[in-house]
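Data file: my_file_4.txt. Format and content: compact mmCIF, C-alpha atoms.
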# COMPACT_ATOMS: atom_id res chain seq x y z
CA MET A 1368 75.38 -16.60 -103.95
CA PRO A 1369 74.80 -13.02 -102.69
CA THR A 1370 75.26 -12.24 -99.00
CA PHE A 1371 72.60 -10.67 -96.80
CA VAL A 1372 74.53 -7.41 -96.98
CA ASP A 1373 74.53 -7.61 -100.78
CA LEU A 1374 70.76 -8.05 -100.69
CA GLY A 1375 70.33 -4.80 -98.76
CA LEU A 1376 69.44 -5.90 -95.23
CA PRO A 1377 70.22 -3.47 -92.37
CA GLN A 1378 73.39 -4.15 -90.44
CA ALA A 1379 71.41 -4.79 -87.22
CA VAL A 1380 69.51 -7.59 -88.97
CA VAL A 1381 72.67 -9.03 -90.53
CA ASP A 1382 74.33 -9.07 -87.09
CA VAL A 1383 71.39 -11.01 -85.59
CA LEU A 1384 71.59 -13.60 -88.38
CA ALA A 1385 75.36 -13.91 -87.98
CA GLY A 1386 74.90 -14.39 -84.23
CA ASN A 1387 72.67 -17.36 -85.04
CA GLY A 1388 75.26 -18.81 -87.40
CA ILE A 1389 73.35 -17.77 -90.54
CA ASP A 1390 75.70 -16.18 -93.05
CA THR A 1391 74.39 -17.32 -96.43
CA PRO A 1392 70.80 -17.04 -97.69
CA PHE A 1393 68.85 -20.19 -98.51
CA PRO A 1394 67.84 -20.42 -102.19
CA ILE A 1395 64.27 -19.25 -101.58
CA GLN A 1396 65.58 -16.27 -99.57
CA ALA A 1397 68.11 -15.27 -102.24
CA ALA A 1398 65.41 -15.63 -104.90
CA THR A 1399 62.63 -13.66 -103.19
CA LEU A 1400 64.44 -10.95 -101.19
CA PRO A 1401 65.22 -8.55 -104.07
CA ASP A 1402 61.51 -8.44 -105.00
CA SER A 1403 60.08 -8.48 -101.47
CA LEU A 1404 62.47 -5.72 -100.31
CA ALA A 1405 61.30 -3.66 -103.30
CA GLY A 1406 57.71 -3.97 -102.07
CA ARG A 1407 56.42 -6.29 -104.76
CA ASP A 1408 53.85 -9.00 -104.11
CA VAL A 1409 55.59 -12.35 -103.88
CA LEU A 1410 54.34 -15.88 -104.41
CA GLY A 1411 56.88 -18.34 -103.05
CA ARG A 1412 56.73 -22.10 -103.27
CA GLY A 1413 59.22 -24.26 -101.47
CA ARG A 1414 59.15 -27.54 -99.64
CA THR A 1415 59.10 -27.63 -95.87
CA GLY A 1416 62.44 -26.76 -94.30
CA SER A 1417 63.47 -24.58 -97.25
CA GLY A 1418 63.81 -21.36 -95.24
CA LYS A 1419 60.45 -19.72 -96.00
CA THR A 1420 60.12 -18.08 -92.56
CA TYR A 1421 63.14 -15.80 -92.98
CA ALA A 1422 62.11 -15.23 -96.60
CA PHE A 1423 59.21 -13.13 -95.34
CA LEU A 1424 60.47 -11.99 -91.93
CA LEU A 1425 63.64 -10.35 -93.25
CA PRO A 1426 61.95 -8.05 -95.80
CA MET A 1427 59.10 -7.33 -93.37
CA VAL A 1428 61.46 -6.20 -90.62
CA THR A 1429 63.59 -4.23 -93.08
CA ARG A 1430 60.65 -2.40 -94.67
CA LEU A 1431 58.93 -1.62 -91.35
CA THR A 1432 62.18 -0.25 -89.95
CA SER A 1433 62.57 2.15 -92.88
CA SER A 1434 58.86 3.07 -93.07
CA GLN A 1435 57.78 6.56 -91.99
CA THR A 1436 54.61 5.28 -90.30
CA LYS A 1437 54.42 4.77 -86.55
CA ARG A 1438 52.69 2.08 -84.54
CA ALA A 1439 49.37 3.04 -83.00
CA PRO A 1440 47.03 1.39 -80.47
CA GLY A 1441 45.08 -1.45 -82.05
CA ARG A 1442 46.43 -0.72 -85.54
CA PRO A 1443 49.26 -3.11 -86.49
CA ARG A 1444 51.47 -2.29 -89.46
CA ALA A 1445 52.06 -5.88 -90.55
CA LEU A 1446 50.15 -9.14 -90.39
CA ILE A 1447 51.27 -12.77 -90.62
CA LEU A 1448 48.57 -15.46 -90.83
CA ALA A 1449 49.49 -19.09 -90.14
CA PRO A 1450 47.40 -22.26 -89.70
CA THR A 1451 48.50 -23.58 -86.28
CA ARG A 1452 49.41 -22.26 -82.85
CA GLU A 1453 52.76 -24.04 -82.99
CA LEU A 1454 53.68 -22.39 -86.27
CA VAL A 1455 52.63 -18.98 -84.92
CA ALA A 1456 54.87 -19.54 -81.88
CA GLN A 1457 57.81 -20.59 -84.06
CA ILE A 1458 57.47 -17.56 -86.33
CA ASP A 1459 57.40 -15.39 -83.22
CA ALA A 1460 60.55 -17.08 -81.89
CA ALA A 1461 62.34 -16.40 -85.19
CA LEU A 1462 61.12 -12.80 -85.21
CA ALA A 1463 61.96 -11.98 -81.58
CA PRO A 1464 65.72 -11.25 -81.94
CA LEU A 1465 65.15 -9.37 -85.20
CA ALA A 1466 62.42 -7.25 -83.58
CA ALA A 1467 64.56 -6.56 -80.52
CA ALA A 1468 67.43 -5.35 -82.71
CA THR A 1469 65.17 -3.01 -84.70
CA ASN A 1470 62.83 -1.76 -81.94
CA LEU A 1471 59.73 -3.44 -83.34
CA ARG A 1472 56.92 -4.87 -81.23
CA SER A 1473 54.86 -7.96 -82.00
CA VAL A 1474 52.02 -10.01 -80.54
CA VAL A 1475 50.94 -13.61 -81.11
CA VAL A 1476 47.21 -14.22 -81.46
CA PHE A 1477 45.67 -17.70 -81.28
CA GLY A 1478 42.96 -19.63 -79.44
CA GLY A 1479 43.25 -21.92 -76.44
CA VAL A 1480 44.53 -19.12 -74.19
CA GLY A 1481 42.97 -16.04 -72.65
CA HIS A 1482 41.86 -13.07 -74.77
CA GLN A 1483 42.88 -10.31 -72.37
CA PRO A 1484 46.71 -10.49 -72.59
CA GLN A 1485 46.41 -10.30 -76.38
CA ILE A 1486 43.98 -7.38 -76.14
CA ASP A 1487 46.31 -5.52 -73.76
CA LYS A 1488 49.24 -5.83 -76.18
CA LEU A 1489 47.10 -4.73 -79.12
CA ARG A 1490 45.93 -1.67 -77.16
CA ALA A 1491 49.51 -0.80 -76.23
CA GLY A 1492 50.43 -0.79 -79.93
CA VAL A 1493 52.30 -3.38 -81.96
CA ASP A 1494 54.02 -3.36 -85.33
CA ILE A 1495 53.44 -7.01 -86.25
CA VAL A 1496 50.58 -9.41 -85.49
CA ILE A 1497 51.30 -13.13 -85.94
CA ALA A 1498 47.97 -14.92 -85.82
CA CYS A 1499 45.75 -17.88 -86.46
CA PRO A 1500 42.71 -16.65 -88.42
CA GLY A 1501 39.96 -17.58 -85.94
CA ARG A 1502 41.16 -15.73 -82.83
CA LEU A 1503 42.27 -12.67 -84.84
CA GLU A 1504 38.80 -12.44 -86.36
CA ASP A 1505 37.40 -12.40 -82.81
CA HIS A 1506 39.59 -9.39 -81.97
CA VAL A 1507 38.60 -7.63 -85.19
CA LYS A 1508 34.89 -8.17 -84.50
CA SER A 1509 35.28 -6.83 -80.95
CA ARG A 1510 37.21 -3.83 -82.39
CA HIS A 1511 40.38 -4.57 -80.49
CA ALA A 1512 42.26 -4.97 -83.78
CA ASP A 1513 41.95 -2.69 -86.81
CA LEU A 1514 43.69 -3.96 -89.96
CA SER A 1515 43.27 -0.77 -92.00
CA ALA A 1516 46.87 0.30 -91.35
CA VAL A 1517 48.50 -3.00 -92.39
CA GLU A 1518 51.28 -2.31 -94.90
CA ILE A 1519 52.53 -5.89 -95.33
CA THR A 1520 50.50 -9.10 -95.15
CA VAL A 1521 51.96 -12.62 -95.20
CA LEU A 1522 50.06 -15.88 -95.64
CA ASP A 1523 52.30 -18.72 -94.47
CA GLU A 1524 51.54 -22.38 -95.23
CA ALA A 1525 48.60 -21.18 -97.32
CA ASP A 1526 47.85 -24.68 -98.62
CA HIS A 1527 47.56 -25.99 -95.07
CA MET A 1528 45.16 -23.18 -94.17
CA ALA A 1529 43.06 -24.20 -97.16
CA ASP A 1530 43.17 -27.87 -96.09
CA LEU A 1531 41.98 -26.92 -92.58
CA GLY A 1532 39.02 -24.91 -93.89
CA PHE A 1533 40.40 -21.50 -92.93
CA LEU A 1534 39.82 -19.84 -96.31
CA PRO A 1535 36.59 -17.99 -95.30
CA PRO A 1536 38.12 -16.21 -92.27
CA VAL A 1537 41.36 -15.61 -94.18
CA LYS A 1538 39.39 -13.87 -96.94
CA ARG A 1539 37.42 -11.78 -94.44
CA LEU A 1540 40.64 -10.68 -92.74
CA MET A 1541 42.41 -9.96 -96.03
CA ASP A 1542 39.43 -7.86 -97.14
CA LYS A 1543 40.07 -5.57 -94.16
CA THR A 1544 43.68 -4.87 -95.14
CA PRO A 1545 44.50 -2.05 -97.60
CA ARG A 1546 44.37 -3.15 -101.21
CA ASN A 1547 47.58 -1.30 -102.01
CA GLY A 1548 49.56 -3.07 -99.28
CA GLN A 1549 52.26 -5.61 -100.02
CA ARG A 1550 51.14 -9.25 -99.94
CA MET A 1551 53.41 -12.28 -99.72
CA LEU A 1552 52.10 -15.83 -99.92
CA PHE A 1553 54.25 -18.87 -99.14
CA SER A 1554 53.10 -22.42 -99.67
CA ALA A 1555 54.39 -25.88 -100.45
CA THR A 1556 51.76 -26.29 -103.17
CA LEU A 1557 49.81 -23.81 -105.27
CA ASP A 1558 46.69 -25.75 -106.10
CA GLY A 1559 42.98 -25.43 -105.28
CA GLY A 1560 42.17 -22.88 -102.60
CA VAL A 1561 45.63 -21.33 -102.71
CA ASP A 1562 45.09 -20.33 -106.33
CA VAL A 1563 41.88 -18.55 -105.29
CA LEU A 1564 43.82 -16.47 -102.76
CA VAL A 1565 46.53 -15.65 -105.28
CA LYS A 1566 44.07 -14.38 -107.90
CA ARG A 1567 42.02 -12.38 -105.41
CA TYR A 1568 44.69 -10.73 -103.28
CA LEU A 1569 48.06 -10.64 -105.06
CA THR A 1570 48.77 -7.98 -107.67
CA ASP A 1571 51.12 -9.01 -110.47
CA PRO A 1572 53.06 -11.29 -108.10
CA VAL A 1573 56.60 -12.40 -108.70
CA VAL A 1574 56.61 -16.21 -108.57
CA HIS A 1575 59.57 -18.05 -107.08
CA SER A 1576 59.47 -21.84 -106.94
CA VAL A 1577 62.59 -23.50 -105.59
CA ASP A 1578 61.26 -27.09 -105.60
CA SER A 1579 58.60 -29.11 -107.33
CA GLU A 1580 55.67 -29.76 -105.01
CA GLN A 1581 56.47 -33.48 -105.01
CA SER A 1582 60.18 -33.06 -104.35
CA PRO A 1583 61.20 -35.03 -101.27
CA VAL A 1584 63.57 -33.34 -98.88
CA ALA A 1585 67.16 -33.83 -99.98
CA ALA A 1586 69.43 -36.32 -98.26
CA MET A 1587 66.50 -38.36 -96.93
CA ASP A 1588 66.35 -42.17 -96.83
CA HIS A 1589 62.88 -43.73 -97.12
CA HIS A 1590 62.04 -47.16 -95.73
CA VAL A 1591 58.85 -49.18 -95.54
CA LEU A 1592 58.73 -51.94 -92.92
CA HIS A 1593 56.07 -54.56 -93.64
CA VAL A 1594 55.30 -55.83 -90.15
CA GLU A 1595 52.73 -57.97 -88.39
CA LYS A 1596 50.13 -56.09 -86.36
CA ALA A 1597 51.17 -57.76 -83.09
CA ALA A 1598 54.80 -56.70 -83.63
CA ARG A 1599 54.09 -53.08 -84.59
CA ILE A 1600 54.58 -51.50 -81.16
CA ASN A 1601 57.75 -53.50 -80.47
CA VAL A 1602 59.27 -52.46 -83.79
CA LEU A 1603 58.32 -48.86 -83.02
CA ALA A 1604 59.84 -49.05 -79.54
CA ASP A 1605 63.09 -50.45 -80.96
CA LEU A 1606 63.39 -47.54 -83.40
CA ALA A 1607 62.34 -45.03 -80.75
CA ALA A 1608 65.04 -46.23 -78.32
CA SER A 1609 67.81 -45.51 -80.84
CA PRO A 1610 70.01 -42.41 -80.46
CA GLY A 1611 68.67 -39.01 -81.46
CA ARG A 1612 65.31 -37.25 -81.58
CA LYS A 1613 62.40 -38.99 -83.28
CA ILE A 1614 58.93 -37.88 -84.37
CA VAL A 1615 56.26 -40.56 -84.66
CA PHE A 1616 53.06 -39.76 -86.54
CA ALA A 1617 49.69 -41.29 -85.69
CA ARG A 1618 46.45 -40.90 -87.62
CA THR A 1619 44.20 -39.98 -84.70
CA LYS A 1620 44.44 -38.08 -81.41
CA HIS A 1621 43.55 -41.24 -79.50
CA GLY A 1622 46.21 -43.16 -81.45
CA ALA A 1623 48.89 -40.59 -80.59
CA LYS A 1624 47.97 -40.69 -76.90
CA ASN A 1625 47.99 -44.50 -76.88
CA LEU A 1626 51.35 -44.80 -78.67
CA ALA A 1627 52.98 -42.30 -76.30
CA ARG A 1628 51.65 -44.27 -73.33
CA GLN A 1629 52.93 -47.57 -74.76
CA LEU A 1630 56.39 -46.15 -75.50
CA ASN A 1631 56.67 -44.73 -71.97
CA SER A 1632 55.62 -48.10 -70.54
CA ARG A 1633 58.58 -49.63 -72.41
CA GLY A 1634 61.03 -47.08 -71.01
CA VAL A 1635 61.16 -44.74 -74.00
CA PRO A 1636 60.49 -41.16 -72.80
CA ALA A 1637 57.79 -39.84 -75.15
CA VAL A 1638 55.35 -36.93 -75.21
CA GLU A 1639 52.23 -36.43 -77.31
CA LEU A 1640 51.11 -33.49 -79.47
CA HIS A 1641 47.56 -33.29 -80.79
CA GLY A 1642 44.43 -31.18 -80.78
CA ASN A 1643 42.91 -32.61 -77.59
CA LEU A 1644 45.65 -31.10 -75.43
CA SER A 1645 45.38 -27.67 -73.85
CA GLN A 1646 47.72 -25.00 -75.15
CA ASN A 1647 49.78 -25.22 -71.96
CA ALA A 1648 50.16 -28.98 -72.37
CA ARG A 1649 51.14 -28.61 -76.03
CA THR A 1650 53.75 -25.99 -75.15
CA ARG A 1651 55.09 -28.07 -72.24
CA ASN A 1652 55.36 -31.24 -74.31
CA LEU A 1653 57.08 -29.50 -77.20
CA ALA A 1654 59.53 -27.93 -74.74
CA ALA A 1655 60.30 -31.37 -73.26
CA PHE A 1656 61.03 -32.68 -76.74
CA SER A 1657 63.17 -29.66 -77.61
CA ASP A 1658 65.27 -29.79 -74.43
CA GLY A 1659 65.86 -33.54 -74.70
CA SER A 1660 63.97 -34.76 -71.63
CA ALA A 1661 61.68 -36.57 -74.08
CA TRP A 1662 63.32 -38.42 -76.95
CA VAL A 1663 60.16 -39.00 -78.94
CA LEU A 1664 57.30 -36.74 -80.01
CA VAL A 1665 54.15 -38.69 -80.95
CA ALA A 1666 51.95 -36.41 -83.00
CA THR A 1667 48.99 -36.17 -85.30
CA ASP A 1668 49.22 -34.15 -88.50
CA ILE A 1669 48.96 -30.97 -86.44
CA ALA A 1670 52.75 -31.29 -86.16
CA ALA A 1671 53.37 -32.04 -89.82
CA ARG A 1672 53.65 -28.34 -90.62
CA GLY A 1673 55.73 -25.68 -89.04
CA ILE A 1674 57.25 -27.65 -86.17
CA HIS A 1675 60.99 -27.16 -86.29
CA VAL A 1676 63.19 -28.89 -83.74
CA ASP A 1677 66.85 -29.22 -84.59
CA ASP A 1678 68.44 -32.63 -85.17
CA VAL A 1679 65.38 -34.79 -85.68
CA THR A 1680 67.11 -37.88 -87.06
CA LEU A 1681 64.11 -40.12 -87.69
CA VAL A 1682 60.47 -39.70 -88.68
CA VAL A 1683 58.21 -42.75 -88.31
CA HIS A 1684 54.78 -42.99 -89.91
CA ALA A 1685 53.26 -45.39 -87.38
CA ASP A 1686 50.03 -44.87 -89.31
CA PRO A 1687 50.63 -44.15 -93.01
CA PRO A 1688 48.97 -40.87 -94.02
CA VAL A 1689 46.12 -40.82 -96.52
CA GLU A 1690 47.56 -38.19 -98.88
CA HIS A 1691 51.00 -37.92 -100.43
CA LYS A 1692 51.20 -34.24 -99.45
CA ALA A 1693 50.81 -35.25 -95.80
CA TYR A 1694 53.60 -37.80 -96.28
CA LEU A 1695 55.96 -35.12 -97.59
CA HIS A 1696 55.09 -32.61 -94.87
CA ARG A 1697 55.42 -35.17 -92.10
CA SER A 1698 58.69 -36.43 -93.54
CA GLY A 1699 59.99 -32.87 -93.77
CA ARG A 1700 60.41 -32.75 -89.99
CA THR A 1701 63.79 -34.41 -90.55
CA ALA A 1702 66.63 -33.68 -93.01
CA ARG A 1703 66.15 -29.95 -92.52
CA ALA A 1704 68.63 -27.27 -93.54
CA GLY A 1705 70.79 -29.74 -95.47
CA ASN A 1706 71.08 -32.34 -92.72
CA ASP A 1707 70.59 -36.07 -93.23
CA GLY A 1708 67.42 -37.80 -92.15
CA THR A 1709 65.56 -41.08 -92.31
CA VAL A 1710 61.86 -41.77 -92.82
CA VAL A 1711 60.19 -45.07 -91.89
CA THR A 1712 56.64 -46.14 -92.69
CA LEU A 1713 55.17 -49.08 -90.77
CA MET A 1714 52.90 -51.06 -93.09
CA LEU A 1715 50.44 -53.82 -92.19
CA ASP A 1716 49.14 -56.44 -94.64
CA GLU A 1717 45.93 -54.51 -95.31
CA GLN A 1718 47.86 -51.30 -96.06
CA VAL A 1719 50.13 -52.61 -98.84
CA SER A 1720 48.13 -51.19 -101.74
CA ASP A 1721 47.57 -47.81 -100.07
CA VAL A 1722 51.24 -47.37 -99.15
CA ARG A 1723 52.39 -48.34 -102.64
CA GLN A 1724 50.11 -45.67 -104.12
CA LEU A 1725 51.13 -43.14 -101.46
CA THR A 1726 54.87 -43.40 -102.09
CA ARG A 1727 54.38 -43.35 -105.85
CA LYS A 1728 52.43 -40.09 -105.67
CA ALA A 1729 54.99 -38.65 -103.26
CA GLY A 1730 57.72 -39.38 -105.79
CA VAL A 1731 59.81 -41.56 -103.48
CA LYS A 1732 61.15 -45.09 -103.95
CA PRO A 1733 61.47 -46.57 -100.47
CA THR A 1734 63.43 -49.63 -99.47
CA ILE A 1735 60.82 -52.21 -98.49
CA THR A 1736 61.61 -54.87 -95.88
CA ARG A 1737 59.22 -57.58 -94.79
CA PHE A 1738 59.84 -59.47 -91.59
CA ARG A 1739 57.97 -61.52 -89.07
CA GLY A 1740 58.35 -61.07 -85.36
CA PRO A 1741 59.42 -57.99 -83.42
CA SER A 1742 63.04 -57.78 -84.57
CA HIS A 1743 65.14 -57.67 -87.73
CA PRO A 1744 68.75 -56.60 -88.51
CA VAL A 1745 67.40 -53.82 -90.75
CA LEU A 1746 66.27 -51.91 -87.67
CA HIS A 1747 69.90 -51.25 -86.69
CA GLU A 1748 70.76 -50.35 -90.26
CA ILE A 1749 67.97 -47.78 -90.34
CA ALA A 1750 68.63 -46.42 -86.84
CA PRO A 1751 72.16 -47.41 -85.80
CA GLY A 1752 73.41 -47.20 -82.26
CA GLU A 1753 72.77 -48.74 -78.86
CA ARG A 1754 69.17 -48.90 -77.67
CA THR A 1755 68.81 -47.07 -74.37
CA PHE A 1756 65.85 -46.69 -72.06
CA GLY A 1757 65.25 -43.82 -69.72
CA LYS A 1758 62.75 -42.37 -67.30
CA PRO A 1759 59.23 -42.37 -68.70
CA ILE A 1760 57.42 -39.06 -69.12
CA VAL A 1761 54.40 -39.03 -66.82
CA PRO A 1762 51.57 -36.79 -68.06
CA ALA A 1763 50.72 -34.00 -65.64
CA ALA A 1764 47.72 -34.92 -63.52
CA ALA A 1765 44.63 -32.74 -63.57
CA PRO A 1766 44.62 -30.33 -60.60
CA SER A 1767 42.83 -31.87 -57.65
CA ARG A 1768 39.82 -30.05 -56.23
CA PRO A 1769 40.17 -28.79 -52.64
CA ALA A 1770 38.14 -30.58 -50.00
CA PRO A 1771 34.73 -28.95 -49.47
CA THR A 1772 34.23 -26.73 -46.44
CA LYS A 1773 31.50 -27.52 -43.89
CA PRO A 1774 29.03 -24.98 -45.35
CA GLU A 1775 29.61 -26.51 -48.80
CA GLN A 1776 28.97 -29.99 -47.41
CA ALA A 1777 25.76 -28.77 -45.80
CA ARG A 1778 24.59 -27.25 -49.08
CA ARG A 1779 25.27 -30.51 -50.89
CA ARG A 1780 23.20 -32.50 -48.37
CA ARG A 1781 20.28 -30.06 -48.43
CA PRO A 1782 17.51 -31.30 -50.76
CA ALA A 1783 16.79 -29.06 -53.71
CA ARG A 1784 13.73 -26.86 -53.39
CA ARG A 1785 10.87 -27.75 -55.71
CA ARG A 1786 10.10 -24.95 -58.10
CA ARG A 1787 6.56 -23.94 -58.89
CA PRO A 1788 5.90 -24.50 -62.60
CA THR A 1789 5.61 -21.35 -64.71
CA ASN A 1790 3.75 -20.77 -67.94
CA ALA A 1791 5.96 -20.98 -70.98

The structure given in the file should be rewritten as structure tokens.
Amino acid sequence: MPTFVDLGLPQAVVDVLAGNGIDTPFPIQAATLPDSLAGRDVLGRGRTGSGKTYAFLLPMVTRLTSSQTKRAPGRPRALILAPTRELVAQIDAALAPLAAATNLRSVVVFGGVGHQPQIDKLRAGVDIVIACPGRLEDHVKSRHADLSAVEITVLDEADHMADLGFLPPVKRLMDKTPRNGQRMLFSATLDGGVDVLVKRYLTDPVVHSVDSEQSPVAAMDHHVLHVEKAARINVLADLAASPGRKIVFARTKHGAKNLARQLNSRGVPAVELHGNLSQNARTRNLAAFSDGSAWVLVATDIAARGIHVDDVTLVVHADPPVEHKAYLHRSGRTARAGNDGTVVTLMLDEQVSDVRQLTRKAGVKPTITRFRGPSHPVLHEIAPGERTFGKPIVPAAAPSRPAPTKPEQARRRRPARRRRPTNA
């Protein structure tokens, strides 16, 4: 296996990687770096957790550092498009030390937060924009971002962007980048909408596929627990109270909120992550899960892609997903970077047929255990260790409104004036 120095990365970049304990390239990095560093278009397929982020960040930073062009106000030199705010934030976190070591500037662009701070950074001049398609298109339309100077474009989790319906804005943004720029596309699968992007925007791409699209993450144990509906939450609480970090997946936003509330009521500190939360709440909850004050993250499929928290020991599908691809992406939150992990699917009587079909399509052969009541010895086999209960996570209350002043009270009591009707 070649080293990062062998592959031609600058010493400053190699030093940053070494400082993070990264000395040897992952297979997808070793496979793609020679071509991406040479400026070729790259099409990379690898399962979640395979190291795709560095596979595009390392050549991007290296090529921008050696490029003769300079950053200019509103005209970024590189663009990374990703489907979710959380993934954008994680790419930015991975880029930050590399950018600091090479004097590059970046900005994250996504919705749910104010426009102005993003506009100010764009005006000041950045080298790299990491963005969700919708908000970036807003900045392009308002002429705060000009993509005509982009030398390198990356589409990350392209299949997920297609699943979320982002292809139209992605195409409009790609059309505004120079045709002769380098394009890199990374995806877990290369079907449907992704193939459209490949044919339209990549020129003679080098294809690197390090896993089959159905390949489950290595070193992962799969279990299906056939439980009664009344016992479901108690089984979940037992697993959630075991040692280590756990991610629990629910089908709906309401379901995630409800499960987090029920786990907290049983003394298992849990936070929720779904689309109904504000960006501040999503960031705060993810931070609580990362720093260990919450042991459990209860999420919808918004967290199935791109969320990387070290040492997630257990993934629980409280609601089995509909598609096998969602099963693999959810499950990929554990057993990352060669670590062990366990995946549990809770199955009710009416879900037997669907789960059987789901696991078959996902290419996994789970151990199936049926039991009645809230407890079974298999729970300690799946998640060994003493069950502990801590301080529940209380969701932040909405800010209270200040008491009205006397003039305000008077205005409220005053009857509204009748308006004279006007002709339409």

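Nearest to A:Ile1614 of all the residues A:Val1594, A:Ala1654, A:Val1380, A:Ala1666 is A:Ala1666, based on only C-alpha atoms.
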
Seminar exercise, completed: Nearest to A:Asp1494, restricted to all atoms listed in the file and choosing among A:Leu1540, A:Ala1439, A:Ala1623, A:Val1683, comes out as A:Ala1439

Give as a CSV table (one decimal) with C-alpha atoms, in the coordinates of the input the set of residues within 12 Å of the point (60.9, -54.8, -93.3), where distances use the file's coordinates and all atoms listed in the file.
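Contents of part07.csv, freshly written:
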chain,number,residue,atom,x,y,z
A,1589,HIS,CA,62.9,-43.7,-97.1
A,1590,HIS,CA,62.0,-47.2,-95.7
A,1591,VAL,CA,58.8,-49.2,-95.5
A,1592,LEU,CA,58.7,-51.9,-92.9
A,1593,HIS,CA,56.1,-54.6,-93.6
A,1594,VAL,CA,55.3,-55.8,-90.2
A,1595,GLU,CA,52.7,-58.0,-88.4
A,1598,ALA,CA,54.8,-56.7,-83.6
A,1599,ARG,CA,54.1,-53.1,-84.6
A,1602,VAL,CA,59.3,-52.5,-83.8
A,1711,VAL,CA,60.2,-45.1,-91.9
A,1712,THR,CA,56.6,-46.1,-92.7
A,1713,LEU,CA,55.2,-49.1,-90.8
A,1714,MET,CA,52.9,-51.1,-93.1
A,1715,LEU,CA,50.4,-53.8,-92.2
A,1716,ASP,CA,49.1,-56.4,-94.6
A,1733,PRO,CA,61.5,-46.6,-100.5
A,1734,THR,CA,63.4,-49.6,-99.5
A,1735,ILE,CA,60.8,-52.2,-98.5
A,1736,THR,CA,61.6,-54.9,-95.9
A,1737,ARG,CA,59.2,-57.6,-94.8
A,1738,PHE,CA,59.8,-59.5,-91.6
A,1739,ARG,CA,58.0,-61.5,-89.1
A,1740,GLY,CA,58.4,-61.1,-85.4
A,1741,PRO,CA,59.4,-58.0,-83.4
A,1742,SER,CA,63.0,-57.8,-84.6
A,1743,HIS,CA,65.1,-57.7,-87.7
A,1744,PRO,CA,68.8,-56.6,-88.5
A,1745,VAL,CA,67.4,-53.8,-90.8
A,1746,LEU,CA,66.3,-51.9,-87.7
A,1747,HIS,CA,69.9,-51.2,-86.7
A,1748,GLU,CA,70.8,-50.4,-90.3
A,1749,ILE,CA,68.0,-47.8,-90.3

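Coordinates place atom CA of A:Arg1550 at a distance of 18.1 Å from atom CA of A:Gly1418.
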
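Straight-line separation from atom CA of A:Ala1604 to atom CA of A:His1621: 18.1 Å.
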
Problem set entry | Selection: 10 Å around stretch 1405-1413 of chain A, all atoms listed in the file, excl. self and same-chain fewer than 2 positions, as a PyMOL selection string | chain A and resi 1394-1396+1398-1403+1415-1419+1422-1423+1426-1427+1430+1518-1524+1548-1557+1565+1568-1580+1582

Exercise. Excluding same-chain residues fewer than 6 positions from A:Asp1513, what lies within 10 Å of it counting all atoms listed in the file, as a PyMOL selection string?
Worked result: chain A and resi 1440-1444+1489+1506-1507+1543-1544

Could you please take those selected residues and save C-alpha atoms as a compact mmCIF listing (two decimals), in the frame of the given file?
# COMPACT_ATOMS: atom_id res chain seq x y z
CA PRO A 1440 47.03 1.39 -80.47
CA GLY A 1441 45.08 -1.45 -82.05
CA ARG A 1442 46.43 -0.72 -85.54
CA PRO A 1443 49.26 -3.11 -86.49
CA ARG A 1444 51.47 -2.29 -89.46
CA LEU A 1489 47.10 -4.73 -79.12
CA HIS A 1506 39.59 -9.39 -81.97
CA VAL A 1507 38.60 -7.63 -85.19
CA LYS A 1543 40.07 -5.57 -94.16
CA THR A 1544 43.68 -4.87 -95.14

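Of the residues listed (A:Lys1508, A:Val1679, A:Ile1760, A:Lys1728), A:Ile1760 shows the shortest atom-to-atom separation from A:Ser1632; distances use all atoms listed in the file.
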
Exercise. Can you list, as JSON, numbers by chain, every protein, DNA or RNA residue that comes within 10 Å of A:Asn1625 when you count all atoms listed in the file, leaving out same-chain residues fewer than 6 positions away?
Worked result: {"A": [1617, 1619, 1631, 1639, 1665]}

For this session: Please measure the separation of atom CA of A:Gln1435 and atom CA of A:Asp1505, giving the value in Å to one decimal.
Result: 29.3 Å

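For the choices A:His1641, A:Lys1613, A:Pro1377, A:Ala1607, the atom-to-atom distance to A:Gln1629 is smallest for A:Ala1607 when using only C-alpha atoms.
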
Exercise. Which residues come within 8 Å of A:Thr1370, counting all atoms listed in the file, excluding same-chain residues fewer than 5 positions away, as a VMD selection string?
Worked result: chain A and resid 1390 to 1392

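The smallest atom-to-atom distance between A:Ile1486 and any of A:Arg1472, A:Thr1726, A:Ser1433, A:Ala1512, using only C-alpha atoms, is found for A:Ala1512.
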
For this session: Determine, counting only C-alpha atoms, which protein, DNA and RNA residues have an atom within 8 Å of an atom of A:Gln1485; residues of the same chain fewer than 4 positions away are not included. Present the result as a PyMOL selection string.
Result: chain A and resi 1474-1476+1481+1489

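Nearest residue to A:Asp1658 among A:Arg1754, A:Arg1612, A:Leu1644, A:Ala1463 is A:Arg1612, counting only C-alpha atoms.
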
Could you work out an axis-aligned box for stretch 1386-1396 of chain A, taking every atom the file lists and adding 6 Å on each side, and report centre and edge lengths in Å to one decimal, as JSON?
{"center_x": 70.0, "center_y": -17.4, "center_z": -93.2, "size_x": 23.4, "size_y": 18.0, "size_z": 30.0}
